[in-house]
$ cat data.pdb   # PDB, C-alpha atoms
ATOM      1  CA  MET A  68       0.000   0.000   0.000
ATOM      2  CA  LYS A  69       1.375   3.396  -1.003
ATOM      3  CA  THR A  70       1.757   5.773   1.913
ATOM      4  CA  LEU A  71       2.597   9.428   2.486
ATOM      5  CA  GLU A  72       5.818   8.285   4.202
ATOM      6  CA  GLU A  73       6.892   6.790   0.908
ATOM      7  CA  LEU A  74       6.305  10.151  -0.731
ATOM      8  CA  MET A  75       8.705  11.723   1.775
ATOM      9  CA  ALA A  76      11.359   9.191   0.768
ATOM     10  CA  ILE A  77      10.721  10.044  -2.908
ATOM     11  CA  ARG A  78      11.238  13.709  -2.048
ATOM     12  CA  GLU A  79      14.627  13.031  -0.449
ATOM     13  CA  ASN A  80      15.747  10.994  -3.462
ATOM     14  CA  ALA A  81      14.514  13.566  -5.933
ATOM     15  CA  LYS A  82      16.263  16.379  -4.071
ATOM     16  CA  LYS A  83      19.601  14.597  -4.395
ATOM     17  CA  LYS A  84      19.050  14.162  -8.113
ATOM     18  CA  MET A  85      17.946  17.773  -8.582
ATOM     19  CA  THR A  86      21.282  19.146  -7.381
ATOM     20  CA  VAL A  87      22.996  17.273 -10.220
ATOM     21  CA  ARG A  88      20.422  18.014 -12.865
ATOM     22  CA  GLU A  89      20.455  21.401 -14.526
ATOM     23  CA  ASP A  90      17.699  21.827 -17.031
ATOM     24  CA  THR A  91      19.171  24.058 -19.663
ATOM     25  CA  GLY A  92      15.857  25.669 -20.604
ATOM     26  CA  ASP A  93      16.353  27.068 -24.095
ATOM     27  CA  ASP A  94      17.808  24.006 -25.786
ATOM     28  CA  ASN A  95      15.196  21.653 -24.378
ATOM     29  CA  ILE A  96      13.467  19.281 -26.749
ATOM     30  CA  ARG A  97       9.714  19.762 -26.372
ATOM     31  CA  ILE A  98       7.202  17.000 -26.972
ATOM     32  CA  VAL A  99       3.695  18.398 -27.226
ATOM     33  CA  VAL A 100       0.629  16.143 -27.151
ATOM     34  CA  GLY A 101      -2.768  17.383 -28.404
ATOM     35  CA  MET A 102      -5.222  16.905 -25.561
ATOM     36  CA  ALA A 103      -8.490  18.416 -26.769
ATOM     37  CA  THR A 104     -11.699  16.369 -26.986
ATOM     38  CA  CYS A 105     -10.598  14.890 -30.320
ATOM     39  CA  GLY A 106      -7.164  13.894 -29.034
ATOM     40  CA  ILE A 107      -8.431  12.434 -25.765
ATOM     41  CA  ALA A 108     -11.156  10.435 -27.530
ATOM     42  CA  ALA A 109      -8.590   9.050 -29.980
ATOM     43  CA  GLY A 110      -6.279   7.884 -27.184
ATOM     44  CA  ALA A 111      -3.936  10.756 -26.280
ATOM     45  CA  ARG A 112      -3.767   9.869 -22.581
ATOM     46  CA  PRO A 113      -1.846   6.577 -22.983
ATOM     47  CA  VAL A 114       0.399   8.263 -25.573
ATOM     48  CA  LEU A 115       1.289  11.069 -23.169
ATOM     49  CA  ASN A 116       1.913   8.557 -20.373
ATOM     50  CA  ALA A 117       4.133   6.441 -22.641
ATOM     51  CA  PHE A 118       6.322   9.474 -23.458
ATOM     52  CA  VAL A 119       6.629  10.439 -19.791
ATOM     53  CA  ASP A 120       7.415   6.851 -18.729
ATOM     54  CA  GLU A 121       9.960   6.215 -21.466
ATOM     55  CA  ILE A 122      11.795   9.489 -20.830
ATOM     56  CA  ALA A 123      11.961   8.682 -17.117
ATOM     57  CA  LYS A 124      13.068   5.113 -17.797
ATOM     58  CA  ARG A 125      15.981   6.352 -19.906
ATOM     59  CA  ASP A 126      16.590   9.234 -17.497
ATOM     60  CA  LEU A 127      16.745  11.686 -20.424
ATOM     61  CA  LYS A 128      17.673  15.251 -19.568
ATOM     62  CA  GLY A 129      16.464  18.369 -21.354
ATOM     63  CA  VAL A 130      13.295  16.795 -22.710
ATOM     64  CA  THR A 131       9.909  18.099 -21.611
ATOM     65  CA  VAL A 132       6.475  16.668 -22.316
ATOM     66  CA  SER A 133       3.526  19.016 -22.326
ATOM     67  CA  GLN A 134      -0.032  19.170 -23.577
ATOM     68  CA  THR A 135      -1.866  21.521 -25.868
ATOM     69  CA  GLY A 136      -5.387  21.943 -27.223
ATOM     70  CA  CYS A 137      -6.691  20.942 -30.630
ATOM     71  CA  ILE A 138      -3.925  21.010 -33.229
ATOM     72  CA  GLY A 139      -6.514  21.207 -36.027
ATOM     73  CA  MET A 140      -6.399  17.888 -37.844
ATOM     74  CA  CYS A 141      -8.775  15.918 -35.654
ATOM     75  CA  GLN A 142      -8.935  12.948 -38.045
ATOM     76  CA  TYR A 143      -5.217  12.331 -37.455
ATOM     77  CA  GLU A 144      -5.342  12.365 -33.644
ATOM     78  CA  PRO A 145      -3.587  11.531 -31.399
ATOM     79  CA  ILE A 146      -1.119  14.100 -32.720
ATOM     80  CA  VAL A 147       2.289  14.747 -31.200
ATOM     81  CA  GLU A 148       4.669  17.552 -32.139
ATOM     82  CA  VAL A 149       8.386  17.348 -31.478
ATOM     83  CA  LEU A 150      10.063  20.742 -31.282
ATOM     84  CA  GLU A 151      13.830  20.842 -31.301
ATOM     85  CA  PRO A 152      15.660  24.169 -31.225
ATOM     86  CA  GLY A 153      17.156  24.971 -34.616
ATOM     87  CA  LYS A 154      15.290  22.183 -36.390
ATOM     88  CA  GLU A 155      12.037  21.947 -38.265
ATOM     89  CA  LYS A 156       9.025  20.858 -36.226
ATOM     90  CA  VAL A 157       8.081  17.199 -36.675
ATOM     91  CA  THR A 158       4.362  16.321 -36.459
ATOM     92  CA  TYR A 159       3.505  12.712 -35.715
ATOM     93  CA  VAL A 160      -0.041  11.509 -36.337
ATOM     94  CA  LYS A 161      -2.259   8.601 -35.281
ATOM     95  CA  MET A 162       0.054   7.935 -32.372
ATOM     96  CA  THR A 163      -0.056   4.983 -30.007
ATOM     97  CA  ALA A 164       1.869   4.153 -26.838
ATOM     98  CA  GLU A 165       4.061   1.742 -28.849
ATOM     99  CA  LYS A 166       4.853   4.383 -31.464
ATOM    100  CA  ALA A 167       5.691   6.838 -28.661
ATOM    101  CA  VAL A 168       8.368   4.506 -27.296
ATOM    102  CA  LYS A 169       9.837   4.199 -30.799
ATOM    103  CA  VAL A 170       9.837   7.993 -31.276
ATOM    104  CA  VAL A 171      11.779   8.431 -28.025
ATOM    105  CA  ASN A 172      14.273   5.783 -29.122
ATOM    106  CA  ASP A 173      14.811   6.801 -32.767
ATOM    107  CA  HIS A 174      14.072  10.514 -32.790
ATOM    108  CA  ILE A 175      14.780  11.903 -29.315
ATOM    109  CA  VAL A 176      17.761   9.705 -28.442
ATOM    110  CA  ASN A 177      19.268   8.994 -31.860
ATOM    111  CA  GLY A 178      18.130  12.076 -33.753
ATOM    112  CA  ASN A 179      16.348  10.271 -36.605
ATOM    113  CA  PRO A 180      12.724  11.391 -37.033
ATOM    114  CA  ILE A 181      10.466   8.490 -38.053
ATOM    115  CA  VAL A 182       9.148   9.663 -41.416
ATOM    116  CA  ASP A 183       6.516   6.888 -41.649
ATOM    117  CA  PHE A 184       4.683   8.222 -38.575
ATOM    118  CA  THR A 185       4.596  11.853 -39.694
ATOM    119  CA  VAL A 186       1.716  13.877 -41.073
ATOM    120  CA  GLY A 187       3.597  14.096 -44.371
ATOM    121  CA  ALA A 188       3.465  10.311 -44.821
ATOM    122  CA  ALA A 189      -0.184  10.121 -43.704
ATOM    123  CA  THR A 190      -1.453  12.734 -46.160
ATOM    124  CA  LYS A 191       0.430  11.441 -49.202
TER     125      LYS A 191
ATOM    126  CA  MET B 230     -15.162   8.166 -25.102
ATOM    127  CA  ARG B 231     -14.399   4.680 -23.875
ATOM    128  CA  GLU B 232     -14.337   5.571 -20.195
ATOM    129  CA  LEU B 233     -15.913   8.365 -18.167
ATOM    130  CA  SER B 234     -12.464   9.193 -16.793
ATOM    131  CA  LEU B 235     -11.563  10.423 -20.295
ATOM    132  CA  ASN B 236     -14.595  12.731 -20.266
ATOM    133  CA  VAL B 237     -13.387  14.059 -16.916
ATOM    134  CA  LEU B 238      -9.914  14.684 -18.365
ATOM    135  CA  ASP B 239     -11.562  16.532 -21.244
ATOM    136  CA  ILE B 240     -14.013  18.616 -19.175
ATOM    137  CA  ALA B 241     -11.204  19.606 -16.803
ATOM    138  CA  GLN B 242      -9.382  21.175 -19.770
ATOM    139  CA  ASN B 243     -12.193  23.756 -19.845
ATOM    140  CA  SER B 244     -11.476  24.621 -16.208
ATOM    141  CA  ILE B 245      -7.790  24.994 -17.068
ATOM    142  CA  ALA B 246      -8.666  27.241 -20.013
ATOM    143  CA  ALA B 247     -10.883  29.245 -17.620
ATOM    144  CA  ARG B 248      -7.723  29.879 -15.552
ATOM    145  CA  ALA B 249      -8.998  28.116 -12.435
ATOM    146  CA  SER B 250      -6.623  27.903  -9.477
ATOM    147  CA  LEU B 251      -8.658  25.152  -7.832
ATOM    148  CA  ILE B 252     -10.342  22.270  -9.648
ATOM    149  CA  GLN B 253     -12.418  19.803  -7.671
ATOM    150  CA  ILE B 254     -13.302  16.442  -9.113
ATOM    151  CA  GLU B 255     -15.883  14.418  -7.278
ATOM    152  CA  VAL B 256     -17.059  10.862  -7.884
ATOM    153  CA  LEU B 257     -19.952   9.647  -5.802
ATOM    154  CA  GLU B 258     -21.282   6.148  -6.093
ATOM    155  CA  ARG B 259     -24.424   4.820  -4.451
ATOM    156  CA  THR B 260     -24.593   1.145  -5.269
ATOM    157  CA  ALA B 261     -28.017   0.563  -3.711
ATOM    158  CA  GLU B 262     -29.524   3.264  -5.940
ATOM    159  CA  HIS B 263     -27.385   2.249  -8.936
ATOM    160  CA  THR B 264     -26.189   5.802  -9.434
ATOM    161  CA  LEU B 265     -22.828   7.360 -10.096
ATOM    162  CA  THR B 266     -22.415  11.123  -9.905
ATOM    163  CA  VAL B 267     -19.393  12.805 -11.423
ATOM    164  CA  GLY B 268     -18.761  16.485 -10.744
ATOM    165  CA  ILE B 269     -16.119  18.917 -11.966
ATOM    166  CA  TYR B 270     -16.147  22.176 -10.047
ATOM    167  CA  ASP B 271     -13.770  25.063 -10.675
ATOM    168  CA  ASN B 272     -13.123  28.619  -9.560
ATOM    169  CA  GLY B 273     -12.241  29.812 -13.061
ATOM    170  CA  CYS B 274     -13.596  32.812 -14.962
ATOM    171  CA  GLY B 275     -17.119  31.380 -15.222
ATOM    172  CA  MET B 276     -19.677  31.846 -17.978
ATOM    173  CA  THR B 277     -22.673  34.027 -18.699
ATOM    174  CA  GLU B 278     -26.168  32.527 -18.850
ATOM    175  CA  GLU B 279     -25.932  32.552 -22.659
ATOM    176  CA  GLN B 280     -22.606  30.759 -22.690
ATOM    177  CA  VAL B 281     -23.954  28.113 -20.314
ATOM    178  CA  GLN B 282     -26.724  27.370 -22.821
ATOM    179  CA  SER B 283     -24.306  27.240 -25.726
ATOM    180  CA  VAL B 284     -21.831  24.780 -24.194
ATOM    181  CA  LEU B 285     -24.581  22.189 -24.382
ATOM    182  CA  ASP B 286     -24.862  22.770 -28.117
ATOM    183  CA  PRO B 287     -22.236  20.740 -29.999
ATOM    184  CA  PHE B 288     -22.445  23.096 -32.973
ATOM    185  CA  TYR B 289     -21.575  26.126 -30.912
ATOM    186  CA  THR B 290     -17.926  26.716 -31.497
ATOM    187  CA  THR B 291     -16.210  29.901 -32.435
ATOM    188  CA  ARG B 292     -12.502  30.380 -32.654
ATOM    189  CA  THR B 293     -12.334  32.664 -29.625
ATOM    190  CA  THR B 294     -14.330  30.338 -27.387
ATOM    191  CA  ARG B 295     -12.583  27.267 -28.570
ATOM    192  CA  LYS B 296     -12.792  25.645 -25.150
ATOM    193  CA  VAL B 297     -16.379  24.765 -25.940
ATOM    194  CA  GLY B 298     -17.266  22.237 -28.585
ATOM    195  CA  MET B 299     -17.937  18.522 -28.327
ATOM    196  CA  GLY B 300     -16.645  18.083 -24.771
ATOM    197  CA  VAL B 301     -19.719  18.893 -22.688
ATOM    198  CA  PRO B 302     -22.238  17.462 -25.227
ATOM    199  CA  LEU B 303     -20.399  14.116 -25.237
ATOM    200  CA  PHE B 304     -20.392  13.985 -21.438
ATOM    201  CA  LYS B 305     -24.091  14.891 -21.431
ATOM    202  CA  MET B 306     -24.849  12.175 -23.938
ATOM    203  CA  ALA B 307     -22.982   9.599 -21.840
ATOM    204  CA  ALA B 308     -25.186  10.517 -18.860
ATOM    205  CA  GLU B 309     -28.478  10.730 -20.746
ATOM    206  CA  GLN B 310     -28.054   7.407 -22.526
ATOM    207  CA  THR B 311     -28.150   5.741 -19.074
ATOM    208  CA  GLY B 312     -31.318   7.656 -18.125
ATOM    209  CA  GLY B 313     -29.295  10.197 -16.163
ATOM    210  CA  HIS B 314     -28.690  13.885 -16.727
ATOM    211  CA  LEU B 315     -26.094  16.635 -16.783
ATOM    212  CA  THR B 316     -26.308  20.083 -15.267
ATOM    213  CA  VAL B 317     -24.105  23.111 -15.831
ATOM    214  CA  SER B 318     -24.175  26.048 -13.488
ATOM    215  CA  SER B 319     -21.828  28.962 -13.715
ATOM    216  CA  LYS B 320     -21.294  32.506 -12.523
ATOM    217  CA  VAL B 321     -18.959  34.989 -14.145
ATOM    218  CA  GLY B 322     -15.994  35.582 -11.858
ATOM    219  CA  ILE B 323     -16.952  32.746  -9.506
ATOM    220  CA  GLY B 324     -16.556  29.523 -11.444
ATOM    221  CA  THR B 325     -18.324  26.659 -13.151
ATOM    222  CA  ASN B 326     -19.900  23.460 -11.830
ATOM    223  CA  ILE B 327     -20.601  20.539 -14.114
ATOM    224  CA  LYS B 328     -22.350  17.554 -12.660
ATOM    225  CA  ALA B 329     -23.465  14.377 -14.390
ATOM    226  CA  VAL B 330     -25.605  11.617 -12.940
ATOM    227  CA  PHE B 331     -25.372   8.114 -14.412
ATOM    228  CA  HIS B 332     -27.517   5.042 -13.866
ATOM    229  CA  THR B 333     -25.006   2.258 -13.434
ATOM    230  CA  ASP B 334     -27.539  -0.496 -14.114
ATOM    231  CA  SER B 335     -28.175   0.740 -17.655
ATOM    232  CA  VAL B 336     -26.641  -1.298 -20.489
ATOM    233  CA  ASP B 337     -25.434   1.971 -21.958
ATOM    234  CA  PHE B 338     -23.465   2.924 -18.863
ATOM    235  CA  THR B 339     -19.844   3.726 -19.722
ATOM    236  CA  PRO B 340     -17.483   2.468 -17.005
ATOM    237  CA  LEU B 341     -15.706   5.080 -14.899
ATOM    238  CA  GLY B 342     -12.321   3.730 -15.970
ATOM    239  CA  ASP B 343      -8.874   4.832 -14.913
ATOM    240  CA  MET B 344      -9.462   7.900 -12.734
ATOM    241  CA  ALA B 345      -5.970   7.552 -11.229
ATOM    242  CA  SER B 346      -4.466   8.124 -14.658
ATOM    243  CA  THR B 347      -6.743  11.095 -15.355
ATOM    244  CA  VAL B 348      -5.935  12.793 -12.050
ATOM    245  CA  THR B 349      -2.196  12.106 -12.392
ATOM    246  CA  THR B 350      -2.126  13.494 -15.929
ATOM    247  CA  LEU B 351      -4.009  16.634 -14.883
ATOM    248  CA  VAL B 352      -1.798  17.226 -11.845
ATOM    249  CA  SER B 353       1.532  16.688 -13.595
ATOM    250  CA  MET B 354       0.624  18.785 -16.645
ATOM    251  CA  ASN B 355      -0.775  21.632 -14.520
ATOM    252  CA  PRO B 356       1.362  21.723 -11.365
ATOM    253  CA  GLU B 357       0.340  25.320 -10.595
ATOM    254  CA  ILE B 358      -3.333  24.353 -10.187
ATOM    255  CA  GLN B 359      -4.650  22.827  -6.978
ATOM    256  CA  PHE B 360      -6.607  19.636  -7.622
ATOM    257  CA  LEU B 361      -8.929  18.173  -5.058
ATOM    258  CA  TYR B 362     -10.149  14.706  -5.944
ATOM    259  CA  ARG B 363     -12.813  13.004  -3.853
ATOM    260  CA  HIS B 364     -14.144   9.541  -4.432
ATOM    261  CA  LYS B 365     -17.044   8.447  -2.266
ATOM    262  CA  ALA B 366     -18.662   5.044  -2.391
ATOM    263  CA  ASP B 367     -21.461   4.079  -0.021
ATOM    264  CA  GLY B 368     -20.307   6.215   2.892
ATOM    265  CA  LYS B 369     -16.599   5.545   2.464
ATOM    266  CA  GLU B 370     -14.454   8.362   1.168
ATOM    267  CA  PHE B 371     -11.016   8.883  -0.313
ATOM    268  CA  VAL B 372      -9.685  12.440  -0.623
ATOM    269  CA  PHE B 373      -6.620  13.402  -2.634
ATOM    270  CA  ASP B 374      -5.530  17.017  -2.314
ATOM    271  CA  THR B 375      -2.496  18.302  -4.214
ATOM    272  CA  ALA B 376      -2.073  21.083  -1.632
ATOM    273  CA  GLU B 377      -1.256  18.391   0.920
ATOM    274  CA  ILE B 378       1.075  16.577  -1.494
ATOM    275  CA  ARG B 379       2.857  19.783  -2.400
ATOM    276  CA  GLU B 380       3.459  20.541   1.270
ATOM    277  CA  ILE B 381       5.193  17.184   1.710
ATOM    278  CA  LEU B 382       7.190  17.588  -1.498
ATOM    279  CA  GLY B 383       8.573  21.068  -0.829
ATOM    280  CA  ASP B 384      10.787  22.039  -3.806
ATOM    281  CA  VAL B 385      10.333  18.756  -5.611
ATOM    282  CA  PRO B 386       7.922  19.289  -8.535
ATOM    283  CA  LEU B 387       4.653  17.369  -8.833
ATOM    284  CA  SER B 388       5.703  16.461 -12.371
ATOM    285  CA  GLU B 389       8.730  14.488 -11.109
ATOM    286  CA  HIS B 390       8.323  11.001 -12.523
ATOM    287  CA  ALA B 391       8.693   9.122  -9.232
ATOM    288  CA  VAL B 392       6.029  11.418  -7.763
ATOM    289  CA  MET B 393       3.662  10.779 -10.681
ATOM    290  CA  GLN B 394       4.102   7.051 -10.343
ATOM    291  CA  TRP B 395       3.450   7.252  -6.614
ATOM    292  CA  MET B 396       0.305   9.377  -7.197
ATOM    293  CA  ARG B 397      -1.106   6.973  -9.751
ATOM    294  CA  GLU B 398      -0.616   3.956  -7.486
ATOM    295  CA  PHE B 399      -1.733   5.806  -4.340
ATOM    296  CA  ILE B 400      -5.031   6.796  -5.982
ATOM    297  CA  GLU B 401      -5.532   3.352  -7.533
ATOM    298  CA  GLU B 402      -4.986   1.511  -4.262
ATOM    299  CA  ASN B 403      -7.108   3.839  -2.176
ATOM    300  CA  THR B 404      -9.939   3.600  -4.701
ATOM    301  CA  LYS B 405      -9.793  -0.197  -4.511
ATOM    302  CA  THR B 406     -10.003   0.013  -0.727
ATOM    303  CA  LEU B 407     -13.246   1.994  -1.063
ATOM    304  CA  TYR B 408     -14.778  -0.976  -2.798
ATOM    305  CA  GLY B 409     -13.537  -3.461  -0.216
ATOM    306  CA  GLY B 410     -10.453  -4.514  -2.192
ATOM    307  CA  VAL B 411      -7.387  -6.054  -0.597
ATOM    308  CA  THR B 412      -5.154  -3.497   1.076
ATOM    309  CA  GLU B 413      -2.144  -5.739   1.753
TER     310      GLU B 413
END
$ encode --input "data.pdb" --output "structure tokens"
Amino acid sequence: MKTLEELMAIRENAKKKMTVREDTGDDNIRIVVGMATCGIAAGARPVLNAFVDEIAKRDLKGVTVSQTGCIGMCQYEPIVEVLEPGKEKVTYVKMTAEKAVKVVNDHIVNGNPIVDFTVGAATK
Amino acid sequence: MRELSLNVLDIAQNSIAARASLIQIEVLERTAEHTLTVGIYDNGCGMTEEQVQSVLDPFYTTRTTRKVGMGVPLFKMAAEQTGGHLTVSSKVGIGTNIKAVFHTDSVDFTPLGDMASTVTTLVSMNPEIQFLYRHKADGKEFVFDTAEIREILGDVPLSEHAVMQWMREFIEENTKTLYGGVTE
């Protein structure tokens, strides 16, 4: 059973880590998940959770996951945008939790956007 | 929506857009009466009488009031298809209350689903907002207040992964306990 005491232990651990970690702000990679009615209905919640879990699992620094409203192409939801400073925005469509793990692996870690998952490939 | 918890996640986005500083989510189950009541109450900017009427209309959507659209109508439909109902009350400058009553014995009742995931997602994506989640079932109650969690955490953000994981499991386990689940 999870307890509040456990949360205190998590705090102590996290504090230790925070002194080492310096989020560099401007050169963060941003992963933005569309979480309007259309996105949520299409399955955005597990996609968002998969990104958060995978980034934590790999202990990636300088990557933030956030949510936004309707991106405007509801038929392609769940939509995820990856924004890297100095690079063109990559828009992934019809995302799933499995695809999210692959995007973290190939795109975020190794720097190779997965063309097959992008809006460009979907609208061809 | 496959689960009511997804509707809650969606409706709460309206409260966030209304710049609420406190969002209360309440689930109340009365098994003897076969009813489930789900409420989302916020202290955001509120709506005028006209706006309240229009949020129930799925075809009311203008670019500036984008926060309204299919969200409330879908939640209303989910309630009405079980023989229940949805009410919206709001005051400009005070906040908005949305409450839906479901009949759990209807074949068209959508299960509540993963509320722990909904609450955790809301909290971690909006750490500056206070969330108060209450789940009551037949006289038993579980209350989760981010103000209390934040006090314990101090400088550690609510979006810290270990904290999120703890929140999800804490809510899941306490909800199970409400329904007489194993606590060991």
$ resolve_selection --input "data.pdb" --expression "the ChimeraX specification (/B :<7) & /A" --output "JSON, numbers by chain"
{"A": [68, 69, 75, 77, 78, 81, 82, 103, 104, 107, 108, 123, 133, 134]}
$ write_last_selection --input "data.pdb" --atoms "C-alpha atoms" --output "mmCIF file, keeping the file's coordinate frame"
data_model
loop_
_atom_site.group_PDB
_atom_site.id
_atom_site.type_symbol
_atom_site.label_atom_id
_atom_site.label_comp_id
_atom_site.auth_asym_id
_atom_site.auth_seq_id
_atom_site.Cartn_x
_atom_site.Cartn_y
_atom_site.Cartn_z
ATOM 1 C CA MET A 68 0.000 0.000 0.000
ATOM 2 C CA LYS A 69 1.375 3.396 -1.003
ATOM 3 C CA MET A 75 8.705 11.723 1.775
ATOM 4 C CA ILE A 77 10.721 10.044 -2.908
ATOM 5 C CA ARG A 78 11.238 13.709 -2.048
ATOM 6 C CA ALA A 81 14.514 13.566 -5.933
ATOM 7 C CA LYS A 82 16.263 16.379 -4.071
ATOM 8 C CA ALA A 103 -8.490 18.416 -26.769
ATOM 9 C CA THR A 104 -11.699 16.369 -26.986
ATOM 10 C CA ILE A 107 -8.431 12.434 -25.765
ATOM 11 C CA ALA A 108 -11.156 10.435 -27.530
ATOM 12 C CA ALA A 123 11.961 8.682 -17.117
ATOM 13 C CA SER A 133 3.526 19.016 -22.326
ATOM 14 C CA GLN A 134 -0.032 19.170 -23.577
#
$ residues_around --input "data.pdb" --residues "range 265-277 of chain B" --least-positions-apart "2" --cutoff "8 Å" --atoms "only C-alpha atoms" --output "mmCIF file with C-alpha atoms, keeping the file's coordinate frame"
data_model
loop_
_atom_site.group_PDB
_atom_site.id
_atom_site.type_symbol
_atom_site.label_atom_id
_atom_site.label_comp_id
_atom_site.auth_asym_id
_atom_site.auth_seq_id
_atom_site.Cartn_x
_atom_site.Cartn_y
_atom_site.Cartn_z
ATOM 1 C CA VAL B 237 -13.387 14.059 -16.916
ATOM 2 C CA ILE B 240 -14.013 18.616 -19.175
ATOM 3 C CA ALA B 241 -11.204 19.606 -16.803
ATOM 4 C CA SER B 244 -11.476 24.621 -16.208
ATOM 5 C CA ILE B 245 -7.790 24.994 -17.068
ATOM 6 C CA ALA B 247 -10.883 29.245 -17.620
ATOM 7 C CA ARG B 248 -7.723 29.879 -15.552
ATOM 8 C CA ALA B 249 -8.998 28.116 -12.435
ATOM 9 C CA SER B 250 -6.623 27.903 -9.477
ATOM 10 C CA LEU B 251 -8.658 25.152 -7.832
ATOM 11 C CA ILE B 252 -10.342 22.270 -9.648
ATOM 12 C CA GLN B 253 -12.418 19.803 -7.671
ATOM 13 C CA ILE B 254 -13.302 16.442 -9.113
ATOM 14 C CA GLU B 255 -15.883 14.418 -7.278
ATOM 15 C CA VAL B 256 -17.059 10.862 -7.884
ATOM 16 C CA LEU B 257 -19.952 9.647 -5.802
ATOM 17 C CA GLU B 258 -21.282 6.148 -6.093
ATOM 18 C CA ARG B 259 -24.424 4.820 -4.451
ATOM 19 C CA HIS B 263 -27.385 2.249 -8.936
ATOM 20 C CA GLU B 279 -25.932 32.552 -22.659
ATOM 21 C CA GLN B 280 -22.606 30.759 -22.690
ATOM 22 C CA VAL B 281 -23.954 28.113 -20.314
ATOM 23 C CA SER B 319 -21.828 28.962 -13.715
ATOM 24 C CA LYS B 320 -21.294 32.506 -12.523
ATOM 25 C CA VAL B 321 -18.959 34.989 -14.145
ATOM 26 C CA GLY B 322 -15.994 35.582 -11.858
ATOM 27 C CA ILE B 323 -16.952 32.746 -9.506
ATOM 28 C CA GLY B 324 -16.556 29.523 -11.444
ATOM 29 C CA THR B 325 -18.324 26.659 -13.151
ATOM 30 C CA ASN B 326 -19.900 23.460 -11.830
ATOM 31 C CA ILE B 327 -20.601 20.539 -14.114
ATOM 32 C CA LYS B 328 -22.350 17.554 -12.660
ATOM 33 C CA ALA B 329 -23.465 14.377 -14.390
ATOM 34 C CA VAL B 330 -25.605 11.617 -12.940
ATOM 35 C CA PHE B 331 -25.372 8.114 -14.412
ATOM 36 C CA HIS B 332 -27.517 5.042 -13.866
ATOM 37 C CA THR B 333 -25.006 2.258 -13.434
#
$ closest_residue --input "data.pdb" --among "A:Ala109, A:Val100, A:Leu71, A:Val130" --to "Ile146 in chain A" --atoms "only C-alpha atoms"
A:Val100
$ residues_around --input "data.pdb" --residues "Thr158 in chain A" --least-positions-apart "6" --cutoff "10 Å" --atoms "all atoms listed in the file" --output "list of chain:residue names"
A:Ile98, A:Val99, A:Ile146, A:Val147, A:Glu148, A:Val149, A:Leu150, A:Pro180, A:Val182, A:Phe184, A:Thr185, A:Val186, A:Gly187
$ atom_distance --input "data.pdb" --atom1 "CA of Val372 in chain B" --atom2 "CA of Gln359 in chain B"
13.2 Å
$ residues_around --input "data.pdb" --residues "Val176 in chain A" --least-positions-apart "3" --cutoff "12 Å" --atoms "all atoms listed in the file" --output "number ranges by chain"
A: 96, 121-122, 125-130, 168-173, 179-180
$ closest_residue --input "data.pdb" --among "B:Lys405, B:Arg379, B:Lys305, B:His314" --to "Val352 in chain B" --atoms "all atoms listed in the file"
B:Arg379
$ residues_around --input "data.pdb" --residues "Met162 in chain A" --least-positions-apart "3" --cutoff "7 Å" --atoms "only C-alpha atoms" --output "list of chain:residue names"
A:Val114, A:Pro145, A:Ile146, A:Tyr159, A:Lys166, A:Ala167
$ decode --input "data.pdb" --residues "range 109-134 of chain A" --atoms "C-alpha atoms" --output "PDB file, in the first residue's frame"
ATOM      1  CA  ALA A 109      -8.590   9.050 -29.980  1.00  0.00           C
ATOM      2  CA  GLY A 110      -6.279   7.884 -27.184  1.00  0.00           C
ATOM      3  CA  ALA A 111      -3.936  10.756 -26.280  1.00  0.00           C
ATOM      4  CA  ARG A 112      -3.767   9.869 -22.581  1.00  0.00           C
ATOM      5  CA  PRO A 113      -1.846   6.577 -22.983  1.00  0.00           C
ATOM      6  CA  VAL A 114       0.399   8.263 -25.573  1.00  0.00           C
ATOM      7  CA  LEU A 115       1.289  11.069 -23.169  1.00  0.00           C
ATOM      8  CA  ASN A 116       1.913   8.557 -20.373  1.00  0.00           C
ATOM      9  CA  ALA A 117       4.133   6.441 -22.641  1.00  0.00           C
ATOM     10  CA  PHE A 118       6.322   9.474 -23.458  1.00  0.00           C
ATOM     11  CA  VAL A 119       6.629  10.439 -19.791  1.00  0.00           C
ATOM     12  CA  ASP A 120       7.415   6.851 -18.729  1.00  0.00           C
ATOM     13  CA  GLU A 121       9.960   6.215 -21.466  1.00  0.00           C
ATOM     14  CA  ILE A 122      11.795   9.489 -20.830  1.00  0.00           C
ATOM     15  CA  ALA A 123      11.961   8.682 -17.117  1.00  0.00           C
ATOM     16  CA  LYS A 124      13.068   5.113 -17.797  1.00  0.00           C
ATOM     17  CA  ARG A 125      15.981   6.352 -19.906  1.00  0.00           C
ATOM     18  CA  ASP A 126      16.590   9.234 -17.497  1.00  0.00           C
ATOM     19  CA  LEU A 127      16.745  11.686 -20.424  1.00  0.00           C
ATOM     20  CA  LYS A 128      17.673  15.251 -19.568  1.00  0.00           C
ATOM     21  CA  GLY A 129      16.464  18.369 -21.354  1.00  0.00           C
ATOM     22  CA  VAL A 130      13.295  16.795 -22.710  1.00  0.00           C
ATOM     23  CA  THR A 131       9.909  18.099 -21.611  1.00  0.00           C
ATOM     24  CA  VAL A 132       6.475  16.668 -22.316  1.00  0.00           C
ATOM     25  CA  SER A 133       3.526  19.016 -22.326  1.00  0.00           C
ATOM     26  CA  GLN A 134      -0.032  19.170 -23.577  1.00  0.00           C
TER      27      GLN A 134
END
